[in-house]
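What follows is upload39.tsv (TSV, C-alpha atoms).
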```
chain	number	residue	atom	x	y	z
A	265	MET	CA	-57.53	13.53	85.74
A	266	ASP	CA	-57.50	13.74	89.56
A	267	GLN	CA	-60.21	12.72	92.08
A	268	SER	CA	-61.95	16.07	91.81
A	269	GLY	CA	-62.44	15.62	88.09
A	270	ASN	CA	-59.73	18.01	86.98
A	271	PHE	CA	-57.12	17.08	84.44
A	272	LYS	CA	-53.70	16.44	85.83
A	273	VAL	CA	-50.66	17.55	83.89
A	274	LEU	CA	-47.87	14.93	83.85
A	275	ASN	CA	-44.30	16.02	83.94
A	276	LEU	CA	-41.68	14.70	81.50
A	277	GLY	CA	-40.27	12.15	83.91
A	278	GLU	CA	-43.62	10.49	84.47
A	279	MET	CA	-44.30	10.28	80.69
A	280	ALA	CA	-40.94	8.68	79.98
A	281	PHE	CA	-41.53	6.09	82.70
A	282	ILE	CA	-44.94	5.12	81.25
A	283	HIS	CA	-43.49	4.84	77.72
A	284	LEU	CA	-40.71	2.58	79.03
A	285	ASP	CA	-43.22	0.34	80.80
A	286	ILE	CA	-45.21	-0.17	77.56
A	287	ARG	CA	-42.11	-1.11	75.55
A	288	CYS	CA	-41.07	-3.59	78.18
A	289	LEU	CA	-44.52	-5.11	78.14
A	290	TYR	CA	-44.42	-5.58	74.34
A	291	THR	CA	-40.96	-7.12	74.50
A	292	LEU	CA	-42.06	-9.50	77.24
A	293	LEU	CA	-45.10	-10.63	75.21
A	294	ILE	CA	-43.04	-11.25	72.01
A	295	CYS	CA	-40.37	-13.21	73.86
A	296	THR	CA	-42.99	-15.31	75.61
A	297	ALA	CA	-44.76	-16.18	72.33
A	298	PHE	CA	-41.50	-16.94	70.47
A	299	GLY	CA	-40.23	-19.06	73.31
A	300	SER	CA	-43.49	-20.94	73.45
A	301	THR	CA	-43.27	-21.66	69.69
A	302	LEU	CA	-39.68	-22.84	69.92
A	303	SER	CA	-40.52	-24.99	72.86
A	304	SER	CA	-43.53	-26.43	71.04
A	305	ASN	CA	-41.58	-27.16	67.81
A	306	ALA	CA	-38.66	-28.62	69.69
A	307	GLU	CA	-40.98	-31.21	71.16
A	308	ILE	CA	-42.31	-32.37	67.69
A	309	LYS	CA	-40.17	-35.04	66.06
A	310	VAL	CA	-40.81	-37.69	63.45
A	311	ASN	CA	-38.86	-40.82	62.61
A	312	PRO	CA	-37.44	-41.65	59.16
A	313	PRO	CA	-39.09	-44.29	56.96
A	314	GLN	CA	-38.30	-47.91	57.75
A	315	ASN	CA	-36.80	-50.68	55.63
A	316	PHE	CA	-35.73	-48.44	52.75
A	317	GLU	CA	-34.31	-50.56	49.93
A	318	ILE	CA	-33.56	-50.58	46.18
A	319	VAL	CA	-34.97	-53.67	44.47
A	320	ASP	CA	-33.93	-55.00	41.04
A	321	PRO	CA	-36.83	-56.93	39.44
A	322	GLY	CA	-34.65	-58.03	36.51
A	323	TYR	CA	-35.67	-55.32	34.06
A	324	LEU	CA	-32.10	-54.34	33.08
A	325	GLY	CA	-32.05	-51.01	34.95
A	326	TYR	CA	-35.66	-50.30	35.88
A	327	LEU	CA	-35.50	-50.37	39.69
A	328	TYR	CA	-37.98	-50.17	42.56
A	329	LEU	CA	-37.28	-47.84	45.50
A	330	GLN	CA	-39.54	-48.80	48.40
A	331	TRP	CA	-39.91	-48.23	52.16
A	332	GLN	CA	-42.28	-48.63	55.11
A	333	PRO	CA	-43.90	-45.85	57.20
A	334	PRO	CA	-41.93	-44.56	60.19
A	335	VAL	CA	-42.70	-45.82	63.66
A	336	SER	CA	-44.70	-43.73	66.17
A	337	LEU	CA	-47.09	-41.99	63.80
A	338	ASP	CA	-49.98	-42.35	66.25
A	339	ASP	CA	-49.69	-38.70	67.28
A	340	PHE	CA	-50.14	-37.57	63.66
A	341	LYS	CA	-53.18	-39.58	62.58
A	342	GLU	CA	-54.88	-36.42	61.33
A	343	CYS	CA	-51.82	-35.38	59.29
A	344	THR	CA	-51.04	-36.19	55.66
A	345	VAL	CA	-47.59	-37.71	55.83
A	346	GLU	CA	-45.35	-37.16	52.79
A	347	TYR	CA	-41.91	-38.40	51.80
A	348	GLU	CA	-39.10	-36.63	50.04
A	349	LEU	CA	-37.07	-39.01	47.88
A	350	LYS	CA	-33.71	-38.18	46.30
A	351	TYR	CA	-31.83	-40.53	43.98
A	352	ARG	CA	-29.07	-40.60	41.34
A	353	ASN	CA	-26.39	-42.65	39.66
A	354	MET	CA	-23.23	-42.28	41.68
A	355	ASP	CA	-21.30	-40.32	39.07
A	356	ASN	CA	-24.00	-37.63	38.77
A	357	GLU	CA	-23.66	-34.35	40.66
A	358	ASN	CA	-27.39	-33.61	40.78
A	359	TRP	CA	-30.09	-35.50	42.65
A	360	LYS	CA	-33.54	-36.16	41.23
A	361	THR	CA	-36.13	-35.16	43.85
A	362	ILE	CA	-39.65	-36.53	44.28
A	363	ILE	CA	-42.30	-35.58	46.86
A	364	THR	CA	-44.80	-38.40	47.25
A	365	LYS	CA	-47.40	-39.85	49.59
A	366	ASN	CA	-46.69	-43.37	48.32
A	367	LEU	CA	-44.35	-45.91	49.82
A	368	HIS	CA	-42.56	-46.72	46.56
A	369	TYR	CA	-41.20	-45.18	43.38
A	370	LYS	CA	-39.90	-46.64	40.10
A	371	ASP	CA	-37.38	-45.26	37.62
A	372	GLY	CA	-34.62	-46.25	35.24
A	373	PHE	CA	-30.91	-46.24	36.09
A	374	ASP	CA	-27.66	-46.88	34.29
A	375	LEU	CA	-26.50	-50.16	35.79
A	376	ASN	CA	-22.98	-49.62	34.47
A	377	LYS	CA	-22.69	-47.41	37.56
A	378	GLY	CA	-23.85	-47.61	41.15
A	379	VAL	CA	-27.15	-46.19	42.41
A	380	GLU	CA	-27.72	-44.25	45.61
A	381	ALA	CA	-30.94	-42.93	47.15
A	382	LYS	CA	-32.25	-41.42	50.34
A	383	VAL	CA	-35.69	-40.66	51.74
A	384	HIS	CA	-37.09	-38.86	54.78
A	385	THR	CA	-40.47	-38.14	56.33
A	386	LEU	CA	-42.23	-34.77	56.01
A	387	LEU	CA	-44.95	-33.44	58.36
A	388	PRO	CA	-46.83	-30.42	56.99
A	389	GLY	CA	-47.04	-27.16	58.91
A	390	GLN	CA	-50.73	-27.45	59.80
A	391	CYS	CA	-49.84	-30.40	62.01
A	392	THR	CA	-46.77	-28.84	63.61
A	393	ASN	CA	-47.77	-25.31	64.65
A	394	GLY	CA	-47.02	-23.85	61.22
A	395	SER	CA	-43.50	-25.20	60.60
A	396	GLU	CA	-42.75	-28.27	58.46
A	397	VAL	CA	-40.97	-31.04	60.36
A	398	GLN	CA	-38.49	-33.37	58.65
A	399	SER	CA	-37.02	-36.62	59.84
A	400	SER	CA	-33.44	-37.70	59.35
A	401	TRP	CA	-32.56	-39.49	56.08
A	402	ALA	CA	-32.84	-43.21	55.42
A	403	GLU	CA	-30.27	-44.21	52.79
A	404	ALA	CA	-29.72	-47.13	50.40
A	405	THR	CA	-27.32	-48.07	47.59
A	406	TYR	CA	-27.32	-50.64	44.79
A	407	TRP	CA	-24.61	-52.16	42.58
A	408	THR	CA	-24.80	-54.97	40.06
A	409	SER	CA	-22.43	-57.79	40.93
A	410	PRO	CA	-19.20	-56.93	39.06
A	411	GLN	CA	-17.71	-59.64	36.89
A	412	GLY	CA	-15.00	-59.63	34.25
A	413	ASN	CA	-12.59	-56.88	33.30
A	414	VAL	CA	-13.89	-53.63	31.82
A	415	GLU	CA	-11.97	-54.39	28.61
A	416	THR	CA	-14.18	-57.41	27.94
A	417	LYS	CA	-17.29	-55.24	27.47
A	418	ILE	CA	-18.58	-54.76	23.94
A	419	GLN	CA	-17.44	-51.69	22.01
A	420	ASP	CA	-19.14	-49.20	19.67
A	421	MET	CA	-22.74	-50.15	20.41
A	422	ASP	CA	-24.96	-48.59	17.73
A	423	CYS	CA	-28.75	-48.85	17.54
A	424	ILE	CA	-30.89	-47.43	14.72
A	425	TYR	CA	-34.69	-47.59	14.43
A	426	TYR	CA	-35.07	-47.71	10.65
A	427	ASN	CA	-38.12	-45.84	9.36
A	428	TRP	CA	-39.78	-46.15	12.80
A	429	GLN	CA	-40.30	-49.85	12.03
A	430	ASP	CA	-37.17	-51.98	12.29
A	431	LEU	CA	-34.72	-51.78	15.20
A	432	LEU	CA	-31.20	-52.99	14.55
A	433	CYS	CA	-28.28	-52.90	17.01
A	434	SER	CA	-24.66	-53.76	16.28
A	435	TRP	CA	-21.45	-53.88	18.33
A	436	LYS	CA	-17.83	-54.94	18.30
A	437	SER	CA	-16.20	-57.47	20.60
A	438	GLY	CA	-14.33	-56.26	23.65
A	439	LEU	CA	-10.56	-56.01	23.74
A	440	GLY	CA	-8.61	-59.03	24.89
A	441	VAL	CA	-11.52	-61.48	24.87
A	442	HIS	CA	-10.63	-65.07	24.08
A	443	PHE	CA	-11.62	-66.78	20.84
A	444	ASP	CA	-14.43	-68.72	22.51
A	445	ALA	CA	-16.21	-65.59	23.81
A	446	ASN	CA	-19.63	-64.71	22.46
A	447	TYR	CA	-22.23	-62.09	23.37
A	448	ASN	CA	-25.97	-62.17	24.03
A	449	LEU	CA	-28.46	-59.31	23.98
A	450	PHE	CA	-31.48	-58.91	26.28
A	451	TYR	CA	-34.07	-56.12	26.19
A	452	TRP	CA	-37.08	-54.86	28.12
A	453	TYR	CA	-39.57	-51.98	28.11
A	454	GLU	CA	-42.79	-51.29	29.99
A	455	GLY	CA	-45.42	-53.63	28.61
A	456	LEU	CA	-43.25	-56.74	28.64
A	457	ASP	CA	-43.63	-59.06	31.60
A	458	ARG	CA	-39.96	-60.08	31.50
A	459	ALA	CA	-36.69	-59.31	29.76
A	460	LEU	CA	-36.41	-61.02	26.35
A	461	GLN	CA	-33.35	-62.31	24.51
A	462	CYS	CA	-32.64	-61.43	20.89
A	463	ALA	CA	-34.10	-64.07	18.59
A	464	ASP	CA	-32.34	-62.99	15.35
A	465	TYR	CA	-28.61	-62.36	15.81
A	466	ILE	CA	-26.34	-60.90	13.14
A	467	LYS	CA	-23.30	-63.15	12.98
A	468	VAL	CA	-19.77	-62.76	11.63
A	469	ASN	CA	-17.58	-65.87	11.68
A	470	GLY	CA	-20.07	-67.53	13.99
A	471	LYS	CA	-19.96	-64.68	16.56
A	472	ASN	CA	-22.92	-62.48	17.51
A	473	VAL	CA	-22.19	-58.90	16.43
A	474	GLY	CA	-25.72	-57.50	16.26
A	475	CYS	CA	-29.43	-58.09	16.66
A	476	ARG	CA	-32.47	-57.63	14.42
A	477	PHE	CA	-35.45	-57.00	16.66
A	478	PRO	CA	-38.99	-58.22	15.96
A	479	TYR	CA	-41.95	-55.87	15.75
A	480	LEU	CA	-41.98	-53.89	19.01
A	481	GLU	CA	-45.57	-53.21	19.97
A	482	SER	CA	-46.32	-50.03	21.99
A	483	SER	CA	-42.63	-49.31	22.54
A	484	ASP	CA	-42.50	-45.60	21.62
A	485	TYR	CA	-42.05	-42.76	24.10
A	486	LYS	CA	-40.86	-44.97	26.92
A	487	ASP	CA	-37.43	-46.07	28.12
A	488	PHE	CA	-35.99	-49.04	26.24
A	489	TYR	CA	-33.46	-51.09	28.23
A	490	ILE	CA	-30.73	-53.29	26.75
A	491	CYS	CA	-28.09	-55.50	28.34
A	492	VAL	CA	-25.37	-57.17	26.30
A	493	ASN	CA	-23.50	-59.77	28.32
A	494	GLY	CA	-21.17	-62.52	27.26
A	495	SER	CA	-20.01	-66.03	27.93
A	496	SER	CA	-16.62	-67.65	27.75
A	497	GLU	CA	-15.20	-70.79	29.30
A	498	SER	CA	-11.85	-69.12	29.90
A	499	GLN	CA	-12.83	-65.71	31.35
A	500	PRO	CA	-15.85	-63.79	32.70
A	501	ILE	CA	-17.35	-61.08	30.45
A	502	ARG	CA	-18.43	-57.68	31.82
A	503	PRO	CA	-22.04	-56.83	30.82
A	504	SER	CA	-22.98	-53.49	29.25
A	505	TYR	CA	-26.26	-51.64	29.90
A	506	PHE	CA	-28.00	-49.07	27.68
A	507	ILE	CA	-31.12	-46.91	27.99
A	508	PHE	CA	-32.74	-44.90	25.18
A	509	GLN	CA	-36.12	-44.12	23.67
A	510	LEU	CA	-36.85	-45.50	20.23
A	511	GLN	CA	-38.32	-42.32	18.71
A	512	ASN	CA	-34.97	-40.60	19.34
A	513	ILE	CA	-32.95	-43.01	17.14
A	514	VAL	CA	-35.25	-43.13	14.09
A	515	LYS	CA	-33.59	-43.00	10.65
A	516	PRO	CA	-36.26	-42.42	7.99
A	517	LEU	CA	-36.10	-43.14	4.28
A	518	PRO	CA	-34.98	-40.31	1.98
A	519	PRO	CA	-37.63	-38.36	0.04
A	520	ASP	CA	-38.20	-39.31	-3.59
A	521	TYR	CA	-40.00	-37.99	-6.70
A	522	LEU	CA	-38.12	-34.70	-6.66
A	523	SER	CA	-39.16	-31.97	-9.07
A	524	LEU	CA	-37.55	-28.66	-9.99
A	525	THR	CA	-39.77	-26.16	-11.80
A	526	MET	CA	-38.87	-22.72	-13.17
A	527	LYS	CA	-41.77	-20.45	-12.29
A	528	ASN	CA	-40.21	-17.48	-14.08
A	529	SER	CA	-36.76	-16.18	-14.90
A	530	GLU	CA	-35.91	-15.80	-11.19
A	531	GLU	CA	-38.14	-18.02	-9.02
A	532	ILE	CA	-37.70	-21.78	-8.71
A	533	ASN	CA	-40.04	-24.30	-7.07
A	534	LEU	CA	-38.42	-27.32	-5.39
A	535	LYS	CA	-40.81	-30.10	-4.41
A	536	TRP	CA	-40.55	-33.72	-3.23
A	537	SER	CA	-42.76	-36.49	-1.92
A	538	MET	CA	-42.96	-37.47	1.73
A	539	PRO	CA	-40.78	-40.50	2.58
A	540	ARG	CA	-42.62	-43.79	2.51
A	541	GLY	CA	-43.46	-45.52	5.77
A	542	PRO	CA	-45.47	-45.05	8.99
A	543	ILE	CA	-43.95	-41.71	10.07
A	544	PRO	CA	-46.63	-38.97	10.05
A	545	ALA	CA	-46.05	-35.99	7.73
A	546	ARG	CA	-46.07	-33.59	10.70
A	547	CYS	CA	-43.01	-35.35	12.17
A	548	PHE	CA	-40.56	-34.57	9.36
A	549	ILE	CA	-37.94	-31.92	8.93
A	550	TYR	CA	-36.07	-31.71	5.63
A	551	GLU	CA	-32.59	-30.52	4.74
A	552	ILE	CA	-32.15	-29.24	1.19
A	553	GLU	CA	-28.78	-28.87	-0.54
A	554	PHE	CA	-29.15	-26.56	-3.55
A	555	THR	CA	-26.47	-25.89	-6.15
A	556	GLU	CA	-26.55	-23.10	-8.72
A	557	ASP	CA	-23.62	-23.52	-11.08
A	558	ASP	CA	-20.64	-23.48	-8.66
A	559	THR	CA	-22.50	-22.09	-5.60
A	560	THR	CA	-23.99	-24.46	-2.99
A	561	TRP	CA	-26.05	-23.67	0.10
A	562	VAL	CA	-28.15	-25.66	2.59
A	563	THR	CA	-31.47	-24.86	4.25
A	564	THR	CA	-34.15	-26.69	6.26
A	565	THR	CA	-37.94	-26.73	6.24
A	566	VAL	CA	-40.82	-28.73	7.69
A	567	GLU	CA	-42.77	-28.48	4.41
A	568	ASN	CA	-42.21	-30.71	1.40
A	569	GLU	CA	-41.59	-27.82	-0.98
A	570	ILE	CA	-39.84	-24.45	-1.03
A	571	TYR	CA	-39.46	-21.50	-3.38
A	572	ILE	CA	-36.04	-20.01	-3.98
A	573	THR	CA	-34.68	-17.15	-6.04
A	574	LYS	CA	-31.87	-17.64	-8.51
A	575	ILE	CA	-28.62	-15.81	-7.86
A	576	SER	CA	-28.18	-15.01	-11.53
A	577	ASN	CA	-30.34	-15.03	-14.63
A	578	GLU	CA	-27.40	-16.46	-16.54
A	579	SER	CA	-27.31	-19.71	-14.54
A	580	HIS	CA	-26.76	-22.78	-16.68
A	581	ARG	CA	-27.26	-25.59	-14.11
A	582	LEU	CA	-29.49	-25.92	-11.04
A	583	CYS	CA	-29.50	-29.06	-8.86
A	584	PHE	CA	-30.84	-30.07	-5.46
A	585	LEU	CA	-30.94	-33.04	-3.06
A	586	VAL	CA	-33.11	-33.63	0.03
A	587	ARG	CA	-32.81	-35.73	3.18
A	588	SER	CA	-35.24	-36.15	6.09
A	589	LYS	CA	-35.24	-36.54	9.87
A	590	VAL	CA	-37.83	-36.76	12.65
A	591	ASN	CA	-38.36	-33.22	13.99
A	592	ILE	CA	-38.45	-31.83	17.54
A	593	TYR	CA	-42.24	-32.08	17.70
A	594	CYS	CA	-42.08	-35.89	17.61
A	595	SER	CA	-38.71	-36.68	19.23
A	596	ASP	CA	-35.84	-35.19	21.20
A	597	ASP	CA	-33.30	-36.32	18.63
A	598	GLY	CA	-33.02	-38.30	15.42
A	599	ILE	CA	-30.80	-39.53	12.60
A	600	TRP	CA	-30.73	-37.96	9.13
A	601	SER	CA	-31.74	-40.20	6.27
A	602	GLU	CA	-29.51	-40.81	3.29
A	603	TRP	CA	-29.57	-38.12	0.58
A	604	SER	CA	-32.13	-38.47	-2.17
A	605	ASP	CA	-31.17	-38.80	-5.83
A	606	GLU	CA	-30.13	-35.51	-7.40
A	607	GLN	CA	-32.62	-33.54	-9.48
A	608	CYS	CA	-31.22	-30.99	-11.95
A	609	TRP	CA	-32.26	-28.37	-14.50
A	610	ASN	CA	-29.97	-27.30	-17.33
A	611	GLY	CA	-30.64	-23.90	-18.86
A	612	ASP	CA	-29.26	-24.73	-22.36
A	613	ILE	CA	-30.38	-28.33	-22.47
A	614	TRP	CA	-32.63	-27.71	-25.46
A	615	LYS	CA	-29.87	-25.99	-27.38
A	616	LYS	CA	-27.53	-28.87	-26.65
A	617	ALA	CA	-30.20	-31.36	-27.60
A	618	LEU	CA	-30.96	-29.46	-30.77
A	619	LEU	CA	-27.31	-29.34	-31.76
A	620	PHE	CA	-26.86	-32.97	-30.78
A	621	PHE	CA	-29.63	-34.10	-33.12
A	622	LEU	CA	-29.48	-31.37	-35.76
A	623	ILE	CA	-25.85	-31.70	-36.80
A	624	PRO	CA	-26.03	-35.45	-37.53
A	625	PHE	CA	-29.37	-34.89	-39.27
A	626	ILE	CA	-27.87	-32.22	-41.52
A	627	LEU	CA	-24.89	-34.42	-42.31
A	628	VAL	CA	-27.16	-37.34	-43.15
A	629	LEU	CA	-29.40	-35.06	-45.20
A	630	LEU	CA	-26.43	-33.75	-47.15
A	631	PHE	CA	-25.16	-37.27	-47.71
A	632	VAL	CA	-28.59	-38.46	-48.89
A	633	SER	CA	-28.91	-35.40	-51.13
A	634	LEU	CA	-25.51	-36.04	-52.64
A	635	ILE	CA	-26.30	-39.69	-53.26
A	636	THR	CA	-29.65	-38.71	-54.72
A	637	CYS	CA	-28.01	-36.18	-57.04
A	638	LEU	CA	-25.44	-38.73	-58.14
A	639	VAL	CA	-28.12	-41.31	-58.75
A	640	LEU	CA	-30.25	-38.84	-60.65
A	641	TYR	CA	-27.28	-37.66	-62.68
A	642	LYS	CA	-26.34	-41.25	-63.48
A	643	GLN	CA	-29.89	-42.08	-64.44
A	644	LYS	CA	-30.04	-38.99	-66.64
A	645	ASP	CA	-26.83	-39.96	-68.34
A	646	LEU	CA	-28.08	-43.50	-68.87
A	647	LEU	CA	-31.35	-42.24	-70.30
A	648	LYS	CA	-29.55	-39.90	-72.63
A	649	THR	CA	-27.30	-42.69	-73.89
A	650	ALA	CA	-30.23	-45.00	-74.36
A	651	PHE	CA	-32.14	-42.32	-76.29
A	652	HIS	CA	-29.29	-41.72	-78.72
A	653	THR	CA	-28.86	-45.43	-79.25
A	654	LYS	CA	-32.53	-45.89	-79.99
A	655	LYS	CA	-32.54	-42.91	-82.36
A	656	GLU	CA	-29.66	-44.27	-84.38
A	657	ALA	CA	-31.36	-47.64	-84.62
A	658	PHE	CA	-34.51	-46.22	-86.19
A	659	SER	CA	-32.90	-43.64	-88.51
A	660	PRO	CA	-32.85	-44.57	-92.47
A	661	GLN	CA	-29.54	-45.89	-93.77
A	662	GLU	CA	-27.86	-44.18	-96.71
A	663	THR	CA	-27.67	-46.15	-100.07
A	664	HIS	CA	-24.55	-45.94	-102.06
A	665	CYS	CA	-24.35	-46.83	-105.75
```

Same coordinates, now as structure tokens:
Amino acid sequence: MDQSGNFKVLNLGEMAFIHLDIRCLYTLLICTAFGSTLSSNAEIKVNPPQNFEIVDPGYLGYLYLQWQPPVSLDDFKECTVEYELKYRNMDNENWKTIITKNLHYKDGFDLNKGVEAKVHTLLPGQCTNGSEVQSSWAEATYWTSPQGNVETKIQDMDCIYYNWQDLLCSWKSGLGVHFDANYNLFYWYEGLDRALQCADYIKVNGKNVGCRFPYLESSDYKDFYICVNGSSESQPIRPSYFIFQLQNIVKPLPPDYLSLTMKNSEEINLKWSMPRGPIPARCFIYEIEFTEDDTTWVTTTVENEIYITKISNESHRLCFLVRSKVNIYCSDDGIWSEWSDEQCWNGDIWKKALLFFLIPFILVLLFVSLITCLVLYKQKDLLKTAFHTKKEAFSPQETHC
């Protein structure tokens, strides 16, 4: 519109120039804002945590990872400072990662290997113009003091938690150890104030080859740490470290009181009692081995009875056994119990029993009958003889002149 109030028609050149000016303005504004953000973020830095260390309190693999806050946090008093912690045993490819506001963390490690960890500081985006700021890493490592050759370590360590009550561990001596070498077992779990030594060793020829543990109060569903070290006057012995959870090495008792009932000509009911002991019924899984004549198959169930269908109506022998294990609802793993005693059903057992008892009975009956007949015949003959003798004695004698 011109000064007189009339609309002014712009030519194409003028319109293109105006459009170019607007695009340049937008570009200038975006670049200015982006540059301001970069400049602002580039100025925000945070230091890594101080005094990062891995501490061994003597719990056979349960270690403390601890650190102090970074210096120069005065500018971030209103911020919630967090720490990202990564740690692993040195032979593992994957790191475990924890985000925490605390200045320490605790976890279990395999002390047969080295431990490495690193931690850095995190500042959330609301304190740093929308972008999270991370410090550089603070790193730490830990090794147990190596002693003795690897060959001197114990071999074939085996631990079983019998019926969720009695823990027993056994091992074999290391290769090349001298005759005076002997081993000692120590254990710890959360709830104990210190590591304890085995008080009841299993011995062979005066050497410790296993340990019977006492009652372990509140020891389930937590890491259980064991160290078996040794002593010898002639050579150092390399210690061995183990970590497991007791509920994962339970070996229950086998079921008992098995029964096999024929419901009809085809259906069979197999039933057994729950194994004795403290393990709850909901924690069992059962494996059943069923044999019909010469055919055997195996199945599993969490109930203490099943119904099966016979393969043939002409079957002469049916047998089954059962064993038990702690199921996945109560543990990550377990050990199968021994097999129960076998329970069988024989289709012609009554016929066999009848024949077994009937044939001797018939033979005895025939023998008794024969003897009876002979006795009766003999008695009859004796009576007849006696009668004739008596008759002759009483008959009148003839008189001759």

### Task
Please provide as a list in words all residues within 6 Å of segment 421-427 of chain A, with the sequence filter that same-chain residues fewer than 4 positions apart are discarded (counting all atoms listed in the file).
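In the requested format, the answer is Leu431, Leu432, Cys433, Ser434, Trp435, Ile513, Val514, Lys515 and Pro516 of chain A.
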
Since we have the selection now, will you write its residues out, keeping C-alpha atoms, as a PDB file, keeping the file's coordinate frame?
```pdb
ATOM      1  CA  LEU A 431     -34.720 -51.780  15.200  1.00  0.00           C
ATOM      2  CA  LEU A 432     -31.200 -52.990  14.550  1.00  0.00           C
ATOM      3  CA  CYS A 433     -28.280 -52.900  17.010  1.00  0.00           C
ATOM      4  CA  SER A 434     -24.660 -53.760  16.280  1.00  0.00           C
ATOM      5  CA  TRP A 435     -21.450 -53.880  18.330  1.00  0.00           C
ATOM      6  CA  ILE A 513     -32.950 -43.010  17.140  1.00  0.00           C
ATOM      7  CA  VAL A 514     -35.250 -43.130  14.090  1.00  0.00           C
ATOM      8  CA  LYS A 515     -33.590 -43.000  10.650  1.00  0.00           C
ATOM      9  CA  PRO A 516     -36.260 -42.420   7.990  1.00  0.00           C
TER      10      PRO A 516
END
```

### Query
Could you state the separation of atom CA of Arg587 of chain A and atom CA of Lys436 of chain A in Å, given to one decimal place?
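So the two atoms, atom CA of Arg587 of chain A and atom CA of Lys436 of chain A, lie 28.7 Å apart.
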
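Minimum distance to Gly494 of chain A across A:Ala445, A:Leu640, A:Met538, A:Leu329 (counting only C-alpha atoms) occurs at A:Ala445.
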
#### Entry: Within-8 Å shell of (-16.9, -60.7, 33.5) in input frame, all atoms listed in the file, as a PyMOL selection string
chain A and resi 410-414+416+494+499-503

#### Entry: Among listed residues A:Leu517, A:Ser495, A:Asn610, A:Asp464, nearest Tyr479 of chain A (using all atoms listed in the file)
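Ranked by minimum distance to Tyr479 of chain A, first place goes to A:Asp464.
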
For segment 386-479 of chain A against segment 361-378 of chain A, with a cut-off of 7 Å and counting all atoms listed in the file, what is the closest atom pair and its distance in Å to one decimal for every residue that makes the cut, ordered by chain and number, as a Markdown table?
```
| residue | atom | partner | partner_atom | distance |
| --- | --- | --- | --- | --- |
| A:Tyr406 | CA | A:Gly378 | CA | 5.9 |
| A:Trp407 | CA | A:Gly378 | CA | 4.8 |
| A:Thr408 | CA | A:Leu375 | CA | 6.7 |
```

### Task
Just give me the gap between atom CA of Phe548 of chain A and atom CA of Gln509 of chain A in Å, one decimal is fine.
17.8 Å

### Task
Determine the nearest neighbour of Leu449 of chain A from the options A:Glu530, A:Thr565, A:Thr525, A:Leu324, counting all atoms listed in the file.
A:Leu324

### Query
atom CA of Asn315 of chain A and atom CA of Thr344 of chain A are how many Å apart?
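Between these atoms lies a distance of 20.3 Å.
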
### Among the residues A:Ser400, A:Phe584, A:Gly389, A:Gln511, the one that comes closest to Ser482 of chain A [using all atoms listed in the file]
A:Gln511

### Task
Using all atoms listed in the file, pick whichever of A:Val628, A:Ile543, A:Ile549, A:Ile418 has the shortest atom-to-atom distance to Phe506 of chain A.
A:Ile418

For Ile466 of chain A, find every residue with an atom within 8 Å (counting all atoms listed in the file), except residues of its own chain fewer than 4 positions away, and show them as a PDB file with C-alpha atoms, in the frame of the given file.
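Done, and the output landed in part28.pdb:
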```pdb
ATOM      1  CA  SER A 434     -24.660 -53.760  16.280  1.00  0.00           C
ATOM      2  CA  ASN A 472     -22.920 -62.480  17.510  1.00  0.00           C
ATOM      3  CA  VAL A 473     -22.190 -58.900  16.430  1.00  0.00           C
ATOM      4  CA  GLY A 474     -25.720 -57.500  16.260  1.00  0.00           C
ATOM      5  CA  CYS A 475     -29.430 -58.090  16.660  1.00  0.00           C
ATOM      6  CA  ARG A 476     -32.470 -57.630  14.420  1.00  0.00           C
TER       7      ARG A 476
END
```

### Query
When distances are computed from all atoms listed in the file, which of A:Tyr328, A:Tyr489, A:Phe316, A:Trp536 shows the smallest separation from Leu460 of chain A?
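Ranked by minimum distance to Leu460 of chain A, first place goes to A:Tyr489.
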
### Task
Find the residues around Lys574 of chain A up to 8 Å (only C-alpha atoms counted), leave out those fewer than 4 positions away in its own chain, and share them as a list in words.
Glu530, Glu531, Ile532, Glu556 and Ser579 of chain A

### Task
Extract, using all atoms listed in the file, all DNA, RNA and protein residues at most 7 Å from Ile507 of chain A, discarding same-chain residues fewer than 4 positions from it, and format them as a PyMOL selection string.
chain A and resi 487-490

Export of prior selection with C-alpha atoms as a PDB file, keeping the file's coordinate frame:
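selection.pdb, freshly written:
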```pdb
ATOM      1  CA  ASP A 487     -37.430 -46.070  28.120  1.00  0.00           C
ATOM      2  CA  PHE A 488     -35.990 -49.040  26.240  1.00  0.00           C
ATOM      3  CA  TYR A 489     -33.460 -51.090  28.230  1.00  0.00           C
ATOM      4  CA  ILE A 490     -30.730 -53.290  26.750  1.00  0.00           C
TER       5      ILE A 490
END
```

### Query
Can you find the residues with an atom no farther than 9 Å from (-39.0, -38.4, 18.4), counting all atoms listed in the file, and report them as a PyMOL selection string?
chain A and resi 484-485+509-514+547+590-598

### Query
Quick one: residues within 10 Å of Glu403 of chain A, all atoms listed in the file counted, chain neighbours fewer than 5 positions away excluded, as a PyMOL selection string?
chain A and resi 312-313+315-318+349-351+380-384
